[in-house]
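What follows is one structure encoded as structure tokens, with my remarks underneath.
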Protein chains: 4
Amino acid sequence: MINVTVWYEYTQESGILRRDMVPEGISDEVFKGYSAYIEESGRKIREVYPEGLMAPVIRALKENPDLNVTYTTLYDENFGLSDEILDNTDVLIWWAHISHDAVPDSLADKVVERIQRGMGCIFLHSAHKSKPFMKIMGTTGTLRWRNGDFCRLWNTCPTHPIAAGAPEYIDLPEEEMYGEYFDIPKPDDVVFTGWFRGGEVFRSGCTWIRGYGKVFYFQPGHETNTAYYNPDILRILVNAVRWAAPVMWRDSLNCPNVLESPEAKYIN
Amino acid sequence: MINVTVWYEYTQESGILRRDMVPEGISDEVFKGYSAYIEESGRKIREVYPEGLMAPVIRALKENPDLNVTYTTLYDENFGLSDEILDNTDVLIWWAHISHDAVPDSLADKVVERIQRGMGCIFLHSAHKSKPFMKIMGTTGTLRWRNGDFCRLWNTCPTHPIAAGAPEYIDLPEEEMYGEYFDIPKPDDVVFTGWFRGGEVFRSGCTWIRGYGKVFYFQPGHETNTAYYNPDILRILVNAVRWAAPVMWRDSLNCPNVLESPEAKYIN
Amino acid sequence: MINVTVWYEYTQESGILRRDMVPEGISDEVFKGYSAYIEESGRKIREVYPEGLMAPVIRALKENPDLNVTYTTLYDENFGLSDEILDNTDVLIWWAHISHDAVPDSLADKVVERIQRGMGCIFLHSAHKSKPFMKIMGTTGTLRWRNGDFCRLWNTCPTHPIAAGAPEYIDLPEEEMYGEYFDIPKPDDVVFTGWFRGGEVFRSGCTWIRGYGKVFYFQPGHETNTAYYNPDILRILVNAVRWAAPVMWRDSLNCPNVLESPEAKYIN
Amino acid sequence: MINVTVWYEYTQESGILRRDMVPEGISDEVFKGYSAYIEESGRKIREVYPEGLMAPVIRALKENPDLNVTYTTLYDENFGLSDEILDNTDVLIWWAHISHDAVPDSLADKVVERIQRGMGCIFLHSAHKSKPFMKIMGTTGTLRWRNGDFCRLWNTCPTHPIAAGAPEYIDLPEEEMYGEYFDIPKPDDVVFTGWFRGGEVFRSGCTWIRGYGKVFYFQPGHETNTAYYNPDILRILVNAVRWAAPVMWRDSLNCPNVLESPEAKYIN
């Protein structure tokens with residue numbers, strides 16, 4: 001059984017921006033503008049995903065008896081990730097967009113440490129600028145972007161477990177354009193490469209190992225488009241969860257001082 | 001001209017442990033024990049390197065007219081790295097061991113950001129646990145260790161610029177043993193692989209690209225041994241500086257919102 | 001069910017060198033010397049492995065009900081690999097040492113093509129100079145070597161499926177030393193790194209993807225030593241077979257001329 | 001001084017198909033059809049490149065005093081590459097399309113061996129199906145293709161020496177579409193990623209190390225389009241030659257039998 005925790009930012013979907021979710025020192029005017037944007041995008045999300053942005057993902061995961069799925073948000077207690085929840089998570093899915101800064105550094109550090117000890121982590125769409133992603137990668141995750149473009153995902157690593165059952169390419173009629181240069185460490189595998197009608201390319205599905213944990217970044221999932229209804233996208237997410245499931249854990253992240261060398265026993 | 005800044009921790013060499021250089025809350029007894037260790041290891045360093053641990057490295061660098069070398073330590077103003085110094089550094093060399101925690105997070109973040117913008121950075125020996133190394137790698141840098149072993153560095157990437165002029169292998173009669181599993185992201189190249197007589201192996205010379213910057217980790221340089229007098233080690237360090245020198249810089253680490261697509265000009 | 005074919009050279013084990021198994025033009029004297037070596041090493045193999053060098057490997061594989069194991073040698077019909085056998089092989093294990101040249105180029109090409117179409121292939125020990133290995137790698141596979149050294153295999157990729165259940169390191173009291181520089185393409189993963197008491201290191205367990213197929217090279221298995229009785233080595237081989245099993249096959253190795261672009265259907 | 005040899009197939013440019021340049025057993029009718037195609041494409045090449053397809057490339061290379069350029073074709077003596085020419089080549093540029101099979105295996109093997117010993121090699125456009133490329137890669141080089149599409153090359157590794165001076169992207173108004181899945185070993189770096197208006201993506205500029213030699217594959221250069229007049233493409237080719245220049249050579253491709261271990265001198 002793989003314990004999957006879906007962590008969702010929820011800010012836009014709530015439609016209401018809270019003062020404690022924006023950096024201190026933001027003026028009333030800026031806050032007002034932000035609030036209007038949140039209200040509007042929240043309405044759009046609820047139109048496209050009346051049961052919530054993550055609902056189709058959770059449903060797809062729950063169809064698999066080997067996956068035990070928990071749903072949590074930034075607005076839940078402990079910002080959604082108590083130590084207990086995190087300690088019981090094998091694979092964490094992270095969707096975030098607007099409120100990256102509202103996640104405390106201490107929580108981001110805990111996520112990073114748990115990946116280093118064995119947890120799998122799947123970063124979706126705008127999570128490329130989330131604290132845990134930037135911390136585990138050591139890079140800024142910057143990219144070109146533009147709203148409302150046609151996206152085609154090419155399967156560029158057909159034998160990868162994450163691509164199992166995926167077609168040669170997947171058409172997403174509307175997505176946010178994310179384009180190169182994408183500032184990430186060289187991936188182990190670029191499983192999917194994105195083509196955008198506006199003219200850009202993107203490493204849309206990338207894998208890395210960090211410590212004992214596995215990381216997958218996957219571009220689709222703009223909040224006002226429909227990617228999470230696409231059965232190919234959902235199959236890829238299920239594949240990614242199984243791929244990212246921990247092979248083994250380590251308890252300690254210390255450096256062992258090995259006083260007796262491996263050769264010592266042969267010397268006497 | 002490549003501006004090289006050699007940043008050196010200096011704590012042990014000073015022979016004196018300052019209260020403000022250890023984490024708060026350390027008991028008087030522990031502090032006393034630490035102080036004794038610092039005093040003893042400081043004496044040994046001054047025996048082996050009477051002009052200072054970094055002196056042979058700096059001398060070797062200065063022999064090259066294309067390198068402009070600055071020396072600075074944790075005990076200098078701004079922990080050795082004012083914004084001005086950092087802004088004028090093309091390649092930073094970082095040796096640290098005991099006082100990783102005394103480097104403020106904000107300074108470590110500045111180093112990381114400068115690497116992401118183009119600066120080269122060479123982490124020496126025990127800098128595998130320094131804040132900037134762990135932050136730019138996203139991993140813990142843990143490894144097995146043991147004092148006082150014979151070390152042989154194998155040249156496992158003979159065509160790499162950092163290995164130019166290096167022999168098939170380099171014998172270091174005494175070094176601190178650093179052994180696998182070394183918790184680092186998969187390197188672009190493992191230029192040197194270490195063999196220790198006690199029985200361990202180690203990825204001793206590793207390269208990565210992060211953002212626009214280059215990173216080299218190099219294991220030799222235990223403070224009470226003599227690696228920095230070895231001409232092959234010094235040649236490798238000079239090579240590494242030239243390899244790590246910035247190809248180009250970027251000013252911004254933001255995500256450009258490209259309102260007009262590359263295709264737009266062809267459509268109308 | 002994974003169909004595993006164990007292809008074994010057998011020349012030394014037979015104890016008899018056949019004239020048609022050596023390159024043309026070899027003098028009688030050289031042939032006589034070779035024959036004496038074959039006779040002697042054959043005797044030693046039969047002492048160490050009375051049931052045959054591959055017997056413990058085959059036994060270990062057969063203990064797994066998901067593996068269907070076939071054994072074949074260079075001295076069988078069609079050099080051991082008829083089209084029928086090859087067409088029914090999911091994972092090929094290749095042990096060879098003395099008679100690399102006796103394998104026809106056409107057979108080596110068939111093995112390469114089948115890997116490119118999806119077959120897994122595990123090259124053992126001296127197969128680093130076999131025709132299929134050199135052809136699928138594009139490199140010479142050269143290395144340093146010396147008989148009769150103590151070997152310690154370090155697990156340098158602990159979360160890799162091939163390392164599942166493997167300890168931190170494995171001691172092999174006697175093995176042929178294979179040392180760097182090992183002339184191979186950069187591996188996807190270096191799962192095991194070898195330490196030899198005589199002073200060398202080696203990338204002893206390496207993985208690559210080539211086309212739709214997976215390749216694993218594994219150093220242990222010198223014919224007159226005992227590696228194939230070591231339970232850790234056998235577990236690794238079983239793991240490697242499962243890892244190398246085809247994810248999918250492709251029938252064609254041609255370049256599709258895609259007259260209608262993916263965009264065509266959106267344009268009209 | 002870098003000795004650069006530009007090897008060019010020339011079949012189409014000649015406008016005449018010779019019987020000895022096609023595989024035996026081809027029927028008169030097929031040969032007639034081929035001949036007509038050669039005649040037609042030859043005419044087009046001469047329209048677009050009146051001085052020859054390679055003329056702008058050679059001119060651009062010759063502007064650099066550190067490059068010593070030789071031009072040769074399949075129709076010259078020894079298929080253009082005598083041992084003498086090959087032995088004096090530091091970087092080989094290979095353009096081929098129609099007559100891959102007319103290159104003898106023995107010549108392809110010599111090119112491969114010279115790369116393994118240190119030579120750089122740049123494979124242009126349809127050389128992805130040339131014998132030396134497939135042999136040094138160990139893969140089939142298959143890809144999707146279609147004539148006459150708009151191509152945009154994205155700079156996806158901006159700090160790579162081959163990308164020095166290259167803009168964020170390069171527009172090529174007409175090129176042959178080469179699309180994924182491109183059957184190549186995982187590149188060290190994907191310096192350029194192609195976008196085609198018809199909907200495909202492609203790893204258009206890829207680097208590998210093989211033995212002591214460097215390999216660069218670069219997609220642009222369809223014979224009836226104008227890529228080799230584009231100054232950005234020409235700058236990239238000059239960069240690629242300098243990058244691929246040998247760092248060091250090795251004479252032998254044998255496995256050294258090191259009878260005395262590195263440790264022996266310390267034991268007695």
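In the structure tokens, the first chain shown is A, the next is B, and so on; residue numbers restart at 1 for each chain, and ligands run from 1 in the order shown.
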Counting only C-alpha atoms, a student should be able to say which residues of chain D come within 10 Å of chain C; what is the right answer, written as JSON, numbers by chain? {"D": [112, 113, 115, 116, 117, 129, 132, 133, 134, 135, 136, 137, 138, 139, 140, 141, 142, 143, 144, 145, 146, 147, 149, 177, 178, 179, 181, 182, 183, 184, 185, 186, 187, 188, 196, 197, 198, 199, 200, 208, 209, 210, 211, 212, 252, 253, 254, 255, 256, 257, 258, 259, 260, 261, 262, 263, 264, 267]}
Tell me, which residues of range 45-263 of chain A carry DSSP helix (DSSP H, G or I), written as a ChimeraX atom specification? /A:45-48,55-62,77-80,83-87,100-102,105-117,125-129,131-137,161-163,227-229,231-244
So that I have them on file, write out the residues from the current selection with C-alpha atoms, as a PDB file, in the first residue's frame.
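In the end it all went to selection_12.pdb:
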ATOM      1  CA  ILE A  45     -11.768  27.136 -11.386  1.00  0.00           C
ATOM      2  CA  ARG A  46     -15.144  26.310  -9.893  1.00  0.00           C
ATOM      3  CA  GLU A  47     -16.679  26.505 -13.349  1.00  0.00           C
ATOM      4  CA  VAL A  48     -14.135  24.117 -14.864  1.00  0.00           C
ATOM      5  CA  ALA A  55     -10.986  16.076  -7.502  1.00  0.00           C
ATOM      6  CA  PRO A  56     -10.329  14.227 -10.797  1.00  0.00           C
ATOM      7  CA  VAL A  57      -6.757  13.464  -9.733  1.00  0.00           C
ATOM      8  CA  ILE A  58      -7.887  12.088  -6.389  1.00  0.00           C
ATOM      9  CA  ARG A  59     -10.621  10.042  -8.027  1.00  0.00           C
ATOM     10  CA  ALA A  60      -8.136   8.553 -10.508  1.00  0.00           C
ATOM     11  CA  LEU A  61      -5.710   7.680  -7.727  1.00  0.00           C
ATOM     12  CA  LYS A  62      -8.441   6.142  -5.561  1.00  0.00           C
ATOM     13  CA  GLU A  77      -4.067  22.852  10.336  1.00  0.00           C
ATOM     14  CA  ASN A  78      -0.258  23.050  10.201  1.00  0.00           C
ATOM     15  CA  PHE A  79      -0.580  24.355   6.648  1.00  0.00           C
ATOM     16  CA  GLY A  80      -1.936  20.959   5.722  1.00  0.00           C
ATOM     17  CA  ASP A  83       4.363  15.870  11.234  1.00  0.00           C
ATOM     18  CA  GLU A  84       1.987  12.952  11.552  1.00  0.00           C
ATOM     19  CA  ILE A  85       0.661  13.306   8.017  1.00  0.00           C
ATOM     20  CA  LEU A  86       4.120  13.840   6.586  1.00  0.00           C
ATOM     21  CA  ASP A  87       5.544  10.883   8.498  1.00  0.00           C
ATOM     22  CA  HIS A 100       4.334  29.846  -2.272  1.00  0.00           C
ATOM     23  CA  ASP A 101       5.520  32.354   0.327  1.00  0.00           C
ATOM     24  CA  ALA A 102       2.793  31.364   2.772  1.00  0.00           C
ATOM     25  CA  ASP A 105      10.494  27.632   5.413  1.00  0.00           C
ATOM     26  CA  SER A 106      10.428  25.118   8.241  1.00  0.00           C
ATOM     27  CA  LEU A 107       7.701  23.108   6.478  1.00  0.00           C
ATOM     28  CA  ALA A 108       9.525  23.258   3.139  1.00  0.00           C
ATOM     29  CA  ASP A 109      12.653  22.006   4.903  1.00  0.00           C
ATOM     30  CA  LYS A 110      10.701  19.092   6.372  1.00  0.00           C
ATOM     31  CA  VAL A 111       9.429  18.121   2.923  1.00  0.00           C
ATOM     32  CA  VAL A 112      12.967  18.308   1.538  1.00  0.00           C
ATOM     33  CA  GLU A 113      14.361  16.225   4.387  1.00  0.00           C
ATOM     34  CA  ARG A 114      11.670  13.598   3.925  1.00  0.00           C
ATOM     35  CA  ILE A 115      12.493  13.353   0.201  1.00  0.00           C
ATOM     36  CA  GLN A 116      16.157  12.936   1.103  1.00  0.00           C
ATOM     37  CA  ARG A 117      15.157  10.093   3.424  1.00  0.00           C
ATOM     38  CA  HIS A 125       2.472  22.765 -12.913  1.00  0.00           C
ATOM     39  CA  SER A 126       3.177  26.061 -11.101  1.00  0.00           C
ATOM     40  CA  ALA A 127       4.859  24.188  -8.244  1.00  0.00           C
ATOM     41  CA  HIS A 128       8.067  24.845 -10.207  1.00  0.00           C
ATOM     42  CA  LYS A 129       8.327  27.980  -8.022  1.00  0.00           C
ATOM     43  CA  LYS A 131       9.780  26.369  -1.893  1.00  0.00           C
ATOM     44  CA  PRO A 132      10.204  22.586  -1.626  1.00  0.00           C
ATOM     45  CA  PHE A 133      10.900  22.281  -5.373  1.00  0.00           C
ATOM     46  CA  MET A 134      13.465  25.066  -5.445  1.00  0.00           C
ATOM     47  CA  LYS A 135      15.126  23.747  -2.288  1.00  0.00           C
ATOM     48  CA  ILE A 136      15.393  20.132  -3.431  1.00  0.00           C
ATOM     49  CA  MET A 137      16.616  21.180  -6.890  1.00  0.00           C
ATOM     50  CA  PRO A 161       7.606   3.459 -16.230  1.00  0.00           C
ATOM     51  CA  ILE A 162       5.933   6.882 -16.030  1.00  0.00           C
ATOM     52  CA  ALA A 163       5.150   6.690 -19.761  1.00  0.00           C
ATOM     53  CA  ALA A 227      -5.837  18.865 -18.221  1.00  0.00           C
ATOM     54  CA  TYR A 228      -6.904  16.890 -15.148  1.00  0.00           C
ATOM     55  CA  TYR A 229      -9.865  15.495 -17.027  1.00  0.00           C
ATOM     56  CA  PRO A 231      -7.322  10.232 -19.136  1.00  0.00           C
ATOM     57  CA  ASP A 232      -3.734  10.124 -20.444  1.00  0.00           C
ATOM     58  CA  ILE A 233      -2.676  12.794 -17.949  1.00  0.00           C
ATOM     59  CA  LEU A 234      -4.370  10.883 -15.143  1.00  0.00           C
ATOM     60  CA  ARG A 235      -2.723   7.606 -16.154  1.00  0.00           C
ATOM     61  CA  ILE A 236       0.665   9.339 -16.128  1.00  0.00           C
ATOM     62  CA  LEU A 237       0.006  10.641 -12.620  1.00  0.00           C
ATOM     63  CA  VAL A 238      -0.881   7.172 -11.368  1.00  0.00           C
ATOM     64  CA  ASN A 239       2.266   5.803 -13.032  1.00  0.00           C
ATOM     65  CA  ALA A 240       4.318   8.584 -11.460  1.00  0.00           C
ATOM     66  CA  VAL A 241       3.016   7.796  -7.975  1.00  0.00           C
ATOM     67  CA  ARG A 242       4.012   4.137  -8.342  1.00  0.00           C
ATOM     68  CA  TRP A 243       7.407   5.081  -9.796  1.00  0.00           C
ATOM     69  CA  ALA A 244       8.068   7.572  -6.979  1.00  0.00           C
TER      70      ALA A 244
END
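Residues in contact with range 11-14 of chain D at up to 10 Å, not including ones fewer than 3 positions away on its chain and judged by only C-alpha atoms, are Tyr8, Leu17, Arg18, Met21, Ser35, Tyr37, Ile38, Glu39, Glu40, Ser41, Gly42, Arg43, Lys44, Ile45, Arg46, Tyr49, Pro50, Gly52, Leu53, Thr73, Leu74, Tyr75, Ala96, His97, Ile98, Ser99 and Glu223 of chain D.
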Since we have the selection now, will you write its residues out, keeping N, CA, C and O atoms, as a compact mmCIF listing (two decimals), in the first residue's frame?
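Written output follows (again-v2.txt):
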# COMPACT_ATOMS: atom_id res chain seq x y z
N TYR D 8 31.81 15.24 -47.37
CA TYR D 8 30.49 15.53 -47.93
C TYR D 8 30.10 14.42 -48.89
O TYR D 8 30.91 14.00 -49.73
N LEU D 17 23.42 9.48 -60.42
CA LEU D 17 23.56 8.33 -59.54
C LEU D 17 24.39 7.26 -60.23
O LEU D 17 24.06 6.84 -61.36
N ARG D 18 25.46 6.82 -59.57
CA ARG D 18 26.30 5.77 -60.14
C ARG D 18 25.86 4.40 -59.64
O ARG D 18 25.49 4.26 -58.48
N MET D 21 27.20 3.00 -56.47
CA MET D 21 26.89 3.71 -55.23
C MET D 21 25.55 3.26 -54.63
O MET D 21 25.10 3.82 -53.63
N SER D 35 17.49 7.66 -59.76
CA SER D 35 18.27 8.56 -60.60
C SER D 35 17.51 9.86 -60.86
O SER D 35 18.08 10.96 -60.84
N TYR D 37 15.23 11.17 -58.99
CA TYR D 37 15.21 11.94 -57.74
C TYR D 37 16.54 12.67 -57.54
O TYR D 37 16.58 13.85 -57.16
N ILE D 38 17.63 11.95 -57.81
CA ILE D 38 18.96 12.54 -57.67
C ILE D 38 19.12 13.73 -58.63
O ILE D 38 19.61 14.81 -58.24
N GLU D 39 18.67 13.53 -59.82
CA GLU D 39 18.79 14.59 -60.82
C GLU D 39 18.03 15.83 -60.36
O GLU D 39 18.55 16.95 -60.40
N GLU D 40 16.81 15.60 -59.88
CA GLU D 40 15.96 16.73 -59.48
C GLU D 40 16.51 17.43 -58.22
O GLU D 40 16.62 18.66 -58.18
N SER D 41 16.87 16.63 -57.23
CA SER D 41 17.36 17.27 -56.00
C SER D 41 18.71 17.92 -56.25
O SER D 41 19.02 18.97 -55.66
N GLY D 42 19.50 17.34 -57.13
CA GLY D 42 20.79 17.95 -57.48
C GLY D 42 20.58 19.34 -58.07
O GLY D 42 21.29 20.30 -57.72
N ARG D 43 19.61 19.45 -58.94
CA ARG D 43 19.31 20.73 -59.56
C ARG D 43 18.92 21.77 -58.49
O ARG D 43 19.40 22.89 -58.48
N LYS D 44 18.07 21.31 -57.56
CA LYS D 44 17.62 22.22 -56.50
C LYS D 44 18.78 22.67 -55.62
O LYS D 44 18.87 23.83 -55.22
N ILE D 45 19.64 21.72 -55.25
CA ILE D 45 20.80 22.08 -54.41
C ILE D 45 21.62 23.16 -55.11
O ILE D 45 22.02 24.16 -54.50
N ARG D 46 21.85 22.95 -56.42
CA ARG D 46 22.70 23.90 -57.15
C ARG D 46 22.02 25.27 -57.27
O ARG D 46 22.68 26.29 -57.38
N TYR D 49 22.42 26.47 -53.43
CA TYR D 49 23.83 26.58 -53.07
C TYR D 49 24.69 26.48 -54.34
O TYR D 49 25.30 25.43 -54.59
N PRO D 50 24.75 27.54 -55.14
CA PRO D 50 25.46 27.44 -56.42
C PRO D 50 26.94 27.07 -56.26
O PRO D 50 27.52 26.47 -57.16
N GLY D 52 27.94 25.02 -53.94
CA GLY D 52 27.97 23.74 -53.24
C GLY D 52 27.40 23.88 -51.84
O GLY D 52 27.53 24.93 -51.20
N LEU D 53 26.74 22.80 -51.38
CA LEU D 53 26.08 22.81 -50.08
C LEU D 53 27.05 23.14 -48.95
O LEU D 53 26.73 23.84 -47.99
N THR D 73 35.08 14.37 -50.55
CA THR D 73 33.76 13.77 -50.75
C THR D 73 33.86 12.26 -50.96
O THR D 73 34.94 11.72 -51.21
N LEU D 74 32.70 11.66 -50.89
CA LEU D 74 32.58 10.21 -51.13
C LEU D 74 33.14 9.82 -52.48
O LEU D 74 33.56 8.66 -52.66
N TYR D 75 33.18 10.76 -53.42
CA TYR D 75 33.59 10.43 -54.78
C TYR D 75 35.08 10.64 -55.01
O TYR D 75 35.58 10.42 -56.11
N ALA D 96 25.81 13.49 -44.91
CA ALA D 96 25.46 12.38 -45.80
C ALA D 96 23.96 12.18 -45.78
O ALA D 96 23.29 12.55 -44.83
N HIS D 97 23.44 11.60 -46.86
CA HIS D 97 22.00 11.46 -46.95
C HIS D 97 21.56 10.19 -47.69
O HIS D 97 20.84 9.37 -47.14
N ILE D 98 22.02 10.07 -48.91
CA ILE D 98 21.49 9.07 -49.83
C ILE D 98 22.37 7.82 -49.91
O ILE D 98 21.88 6.72 -50.13
N SER D 99 23.64 8.01 -49.74
CA SER D 99 24.60 6.95 -50.05
C SER D 99 25.29 6.38 -48.81
O SER D 99 26.46 6.00 -48.86
N GLU D 223 19.28 19.74 -47.68
CA GLU D 223 20.09 20.14 -48.84
C GLU D 223 19.41 21.16 -49.75
O GLU D 223 20.09 21.88 -50.47
Would you mind listing what lies within 9 Å of Ser204 in chain D as a PyMOL selection string, with only C-alpha atoms counted and same-chain residues fewer than 3 positions away left out? chain D and resi 125+153-154+178-179+190-194+201+217-220
Those same residues, written as a compact mmCIF listing (two decimals), in the first residue's frame with N, CA and C atoms?
# COMPACT_ATOMS: atom_id res chain seq x y z
N HIS D 125 22.66 16.88 -39.91
CA HIS D 125 21.38 16.59 -40.53
C HIS D 125 21.17 15.08 -40.77
N LEU D 153 14.88 26.65 -33.45
CA LEU D 153 15.82 25.97 -32.56
C LEU D 153 15.92 26.74 -31.25
N TRP D 154 15.56 26.10 -30.15
CA TRP D 154 15.67 26.73 -28.84
C TRP D 154 17.01 26.38 -28.22
N TYR D 178 12.51 16.95 -38.42
CA TYR D 178 12.99 15.74 -37.74
C TYR D 178 12.35 15.78 -36.35
N GLY D 179 11.59 14.72 -36.02
CA GLY D 179 10.84 14.74 -34.76
C GLY D 179 11.10 13.53 -33.88
N VAL D 190 21.69 18.47 -24.22
CA VAL D 190 20.83 18.81 -25.36
C VAL D 190 20.94 20.32 -25.52
N VAL D 191 21.85 20.74 -26.37
CA VAL D 191 22.17 22.17 -26.47
C VAL D 191 21.05 22.92 -27.19
N PHE D 192 20.45 22.28 -28.19
CA PHE D 192 19.34 22.90 -28.93
C PHE D 192 18.18 21.91 -29.03
N THR D 193 16.98 22.46 -28.82
CA THR D 193 15.77 21.65 -28.95
C THR D 193 14.91 22.28 -30.04
N GLY D 194 14.49 21.47 -30.99
CA GLY D 194 13.78 21.99 -32.15
C GLY D 194 12.27 22.01 -31.96
N VAL D 201 8.61 18.17 -31.82
CA VAL D 201 9.80 18.65 -31.11
C VAL D 201 10.95 17.69 -31.44
N TYR D 217 25.83 16.07 -32.67
CA TYR D 217 24.87 15.92 -33.76
C TYR D 217 24.08 17.23 -33.87
N PHE D 218 23.87 17.69 -35.11
CA PHE D 218 23.16 18.96 -35.30
C PHE D 218 22.20 18.81 -36.48
N GLN D 219 20.92 19.05 -36.21
CA GLN D 219 19.87 18.73 -37.18
C GLN D 219 19.82 19.61 -38.43
N PRO D 220 20.04 20.94 -38.34
CA PRO D 220 19.82 21.75 -39.55
C PRO D 220 20.74 21.37 -40.70
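Taking CA of Val215 in chain A and CA of Phe123 in chain A as the two end points, the separation is 7.7 Å.
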Where does DSSP see strand (DSSP E) in range 41-253 of chain D, if you list the residues as an NGL selection string? :D and (67-73 or 91-95 or 120-124 or 144-155 or 169-179 or 189-196 or 201-210 or 213-218)
Could you please take those selected residues and save C-alpha atoms as a CSV table (one decimal), in the first residue's frame?
chain,number,residue,atom,x,y,z
D,67,LEU,CA,41.2,26.2,-38.2
D,68,ASN,CA,42.9,24.4,-41.1
D,69,VAL,CA,40.1,23.1,-43.3
D,70,THR,CA,40.2,20.2,-45.8
D,71,TYR,CA,37.2,19.4,-48.1
D,72,THR,CA,36.6,15.9,-49.4
D,73,THR,CA,33.8,13.8,-50.7
D,91,VAL,CA,37.6,17.2,-36.1
D,92,LEU,CA,35.6,15.5,-38.8
D,93,ILE,CA,32.4,17.0,-40.2
D,94,TRP,CA,30.1,14.4,-41.8
D,95,TRP,CA,27.2,15.3,-44.1
D,120,GLY,CA,36.0,15.1,-32.6
D,121,CYS,CA,33.1,14.4,-35.0
D,122,ILE,CA,30.2,16.5,-36.0
D,123,PHE,CA,27.3,14.7,-37.7
D,124,LEU,CA,25.1,17.0,-39.7
D,144,ARG,CA,10.0,11.0,-37.6
D,145,TRP,CA,10.5,13.2,-40.7
D,146,ARG,CA,8.6,15.3,-43.2
D,147,ASN,CA,9.8,17.8,-45.8
D,148,GLY,CA,9.3,21.5,-45.7
D,149,ASP,CA,8.4,22.7,-42.3
D,150,PHE,CA,9.2,25.9,-40.3
D,151,CYS,CA,11.9,25.1,-37.7
D,152,ARG,CA,12.7,27.0,-34.5
D,153,LEU,CA,15.8,26.0,-32.6
D,154,TRP,CA,15.7,26.7,-28.8
D,155,ASN,CA,18.9,27.2,-26.9
D,169,TYR,CA,16.1,30.9,-30.4
D,170,ILE,CA,16.9,30.7,-34.1
D,171,ASP,CA,14.1,30.7,-36.8
D,172,LEU,CA,14.7,28.6,-39.9
D,173,PRO,CA,11.9,29.4,-42.3
D,174,GLU,CA,12.1,26.0,-44.0
D,175,GLU,CA,13.8,22.8,-42.9
D,176,GLU,CA,13.1,19.1,-43.1
D,177,MET,CA,11.2,18.2,-40.0
D,178,TYR,CA,13.0,15.7,-37.7
D,179,GLY,CA,10.8,14.7,-34.8
D,189,ASP,CA,23.8,17.9,-23.2
D,190,VAL,CA,20.8,18.8,-25.4
D,191,VAL,CA,22.2,22.2,-26.5
D,192,PHE,CA,19.3,22.9,-28.9
D,193,THR,CA,15.8,21.7,-28.9
D,194,GLY,CA,13.8,22.0,-32.2
D,195,TRP,CA,10.2,23.2,-32.5
D,196,PHE,CA,8.4,22.6,-35.8
D,201,VAL,CA,9.8,18.6,-31.1
D,202,PHE,CA,13.3,17.3,-31.5
D,203,ARG,CA,16.6,17.1,-29.7
D,204,SER,CA,18.4,19.0,-32.5
D,205,GLY,CA,21.8,19.6,-31.0
D,206,CYS,CA,23.2,16.9,-28.8
D,207,THR,CA,26.7,16.1,-27.4
D,208,TRP,CA,28.3,12.9,-26.3
D,209,ILE,CA,31.8,11.7,-25.2
D,210,ARG,CA,32.9,8.4,-26.6
D,213,GLY,CA,36.5,11.7,-28.6
D,214,LYS,CA,33.6,14.2,-28.6
D,215,VAL,CA,30.6,13.9,-30.8
D,216,PHE,CA,28.0,16.6,-31.8
D,217,TYR,CA,24.9,15.9,-33.8
D,218,PHE,CA,23.2,19.0,-35.3
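Here CA of Tyr10 in chain B and CA of Thr226 in chain B stand 16.7 Å from one another.
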